[in-house]
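Below is one structure; the comments refer to it alone.
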Amino acid sequence: MPKTPRRIEILTFPKGQVLDVTGPLQVFATANDLAAMARTDVPYEVRVVAAEPNVMTSAGLALLTEPLSGPDQPVDTLVVAGGYGIQAACDSPALVAWLRERAGAARRVASVCSGAFLLATAGFLDGRRAVTHWGRCAEFAARFPEVRLDPDPIFIRDGKVWTSAGVTAGIDLALALVEADLGRETALAVARQLVVFLKRPGGQSQFSTTLALQGRDERFDGLHAWIVENLRSDLSLERLAARANMSLRSFARHYQRATGRTPARAVEEIRIETARHLLDQGHPVSRVAGRCGFGSEETLRRAFLRRLGTTPQAYRERFAG
């Protein structure tokens, strides 16, 4: 462990999500607690910073924050929280300018949930893979087409920039940062202390219903409803484009811009979502594969492993009510 603690700054703002701040904060604090109990040097110095003191979160809990740091203050890691106030934060030229300078000075930069919007506004996600809350993926893809959005992972690392999915995914992200700094054994000890997974199985798609497919383009709302009702049918790109009354090229381009994913990926996600609900109800895997249009149990198994990190049988055994 380092003799000089790594300085971590967590940026928040009015109407921020309280767990986006306190989740990662507790992970780093627990790493410090375990180090103190072992009588070794604490690894982190954590500060919650904001443009104003006494920031009120969207949950109604006020956070006593520290002022935005000056350029003379070293920083190791900058974490940007998200929340309902993210748009106002993105609209603040002073805050965006501070973030651009501060993030440039940091060894690594991270965002939690919709905090990715602020990083993207500051230009730190251009050309990079990133993730944000599943419910805002369509909006994000439309606003920041230069970012390579992947809507499913719990968190993504692309160089010095880390982004995470919705809310509690900030805990997963912080544990990954601790693992990168201090090793797997320490990160696992922190996870055990907090009674959470060190590496959570599956992606954030397992927690959503529509995966934000209902984007800004209303032309696709009816298409999604039709897909759900016709999972056993031919759902090729040609069939979907014809259903949307668009050319192949135009459909593929506009659909990805509106939803943040390709039509083929969206079809697979809808099929998996439906399969999950059927497995939740205790239906056998063979029947689920047929009803959802996978064709075979093996195709369903591969899709589950790819998207959720588990098999249909294991999922059924764990979640069937």
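Identifiers in this document derive from the order of the structure tokens: chains are assigned A, B, ..., residues are numbered from 1 separately in each chain, and ligands are numbered from 1 in order of occurrence.
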Helix (DSSP H, G or I) positions in range 66-128 of chain A, given as a PyMOL selection string:
chain A and resi 86-90+93-105+115-121
Could you write out that same residue set with C-alpha atoms as a PDB file, in the first residue's frame?
```
ATOM      1  CA  ILE A  86     -26.961  16.191 -14.301  1.00  0.00           C
ATOM      2  CA  GLN A  87     -28.393  18.420 -17.040  1.00  0.00           C
ATOM      3  CA  ALA A  88     -27.973  21.570 -14.970  1.00  0.00           C
ATOM      4  CA  ALA A  89     -24.410  20.457 -14.244  1.00  0.00           C
ATOM      5  CA  CYS A  90     -23.748  19.932 -17.962  1.00  0.00           C
ATOM      6  CA  PRO A  93     -19.660  26.325 -18.322  1.00  0.00           C
ATOM      7  CA  ALA A  94     -17.644  26.901 -15.143  1.00  0.00           C
ATOM      8  CA  LEU A  95     -18.204  23.351 -13.864  1.00  0.00           C
ATOM      9  CA  VAL A  96     -17.454  21.783 -17.253  1.00  0.00           C
ATOM     10  CA  ALA A  97     -14.257  23.854 -17.533  1.00  0.00           C
ATOM     11  CA  TRP A  98     -13.179  22.799 -14.034  1.00  0.00           C
ATOM     12  CA  LEU A  99     -13.913  19.160 -14.838  1.00  0.00           C
ATOM     13  CA  ARG A 100     -11.945  19.329 -18.083  1.00  0.00           C
ATOM     14  CA  GLU A 101      -8.894  20.711 -16.292  1.00  0.00           C
ATOM     15  CA  ARG A 102      -9.194  18.518 -13.212  1.00  0.00           C
ATOM     16  CA  ALA A 103      -9.814  15.311 -15.138  1.00  0.00           C
ATOM     17  CA  GLY A 104      -6.845  16.085 -17.334  1.00  0.00           C
ATOM     18  CA  ALA A 105      -4.634  16.242 -14.254  1.00  0.00           C
ATOM     19  CA  GLY A 115     -22.324  11.129 -14.578  1.00  0.00           C
ATOM     20  CA  ALA A 116     -21.205   9.910 -18.011  1.00  0.00           C
ATOM     21  CA  PHE A 117     -23.205  12.809 -19.492  1.00  0.00           C
ATOM     22  CA  LEU A 118     -20.918  15.278 -17.727  1.00  0.00           C
ATOM     23  CA  LEU A 119     -17.764  13.448 -18.831  1.00  0.00           C
ATOM     24  CA  ALA A 120     -19.078  13.369 -22.399  1.00  0.00           C
ATOM     25  CA  THR A 121     -19.936  17.071 -22.291  1.00  0.00           C
TER      26      THR A 121
END
```
Within 12 Å of Val167 in chain A, counting only C-alpha atoms, which residues show up once you throw out same-chain ones fewer than 2 positions away? Write them as a ChimeraX atom specification, please.
/A:16-24,80-84,111-116,132-135,154-155,163-165,169-174,204,207
Excluding Arg6 in chain A and its own-chain neighbours fewer than 4 positions away, which residues fall within 12 Å of it when counting only C-alpha atoms? Please give them as a PyMOL selection string.
chain A and resi 1-2+28+31-32+41-47+74-78+106-108+177-178+181-182
Give me the residues within 9 Å of Val55 in chain A as a PyMOL selection string, counting only C-alpha atoms and dropping any in the same chain fewer than 2 places off.
chain A and resi 12-16+50-53+57+61-65
Residues within 12 Å of range 295-297 of chain A, please, as a count of residues only. Count only C-alpha atoms; anything in the same chain fewer than 3 positions from it doesn't count.
23
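Picture a line from CA of Asp33 in chain A to CA of Gln73 in chain A; it runs 24.5 Å.
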DSSP strand (DSSP E or B) selection over range 149-207 of chain A, as a PyMOL selection string
chain A and resi 149+155-158+161-164
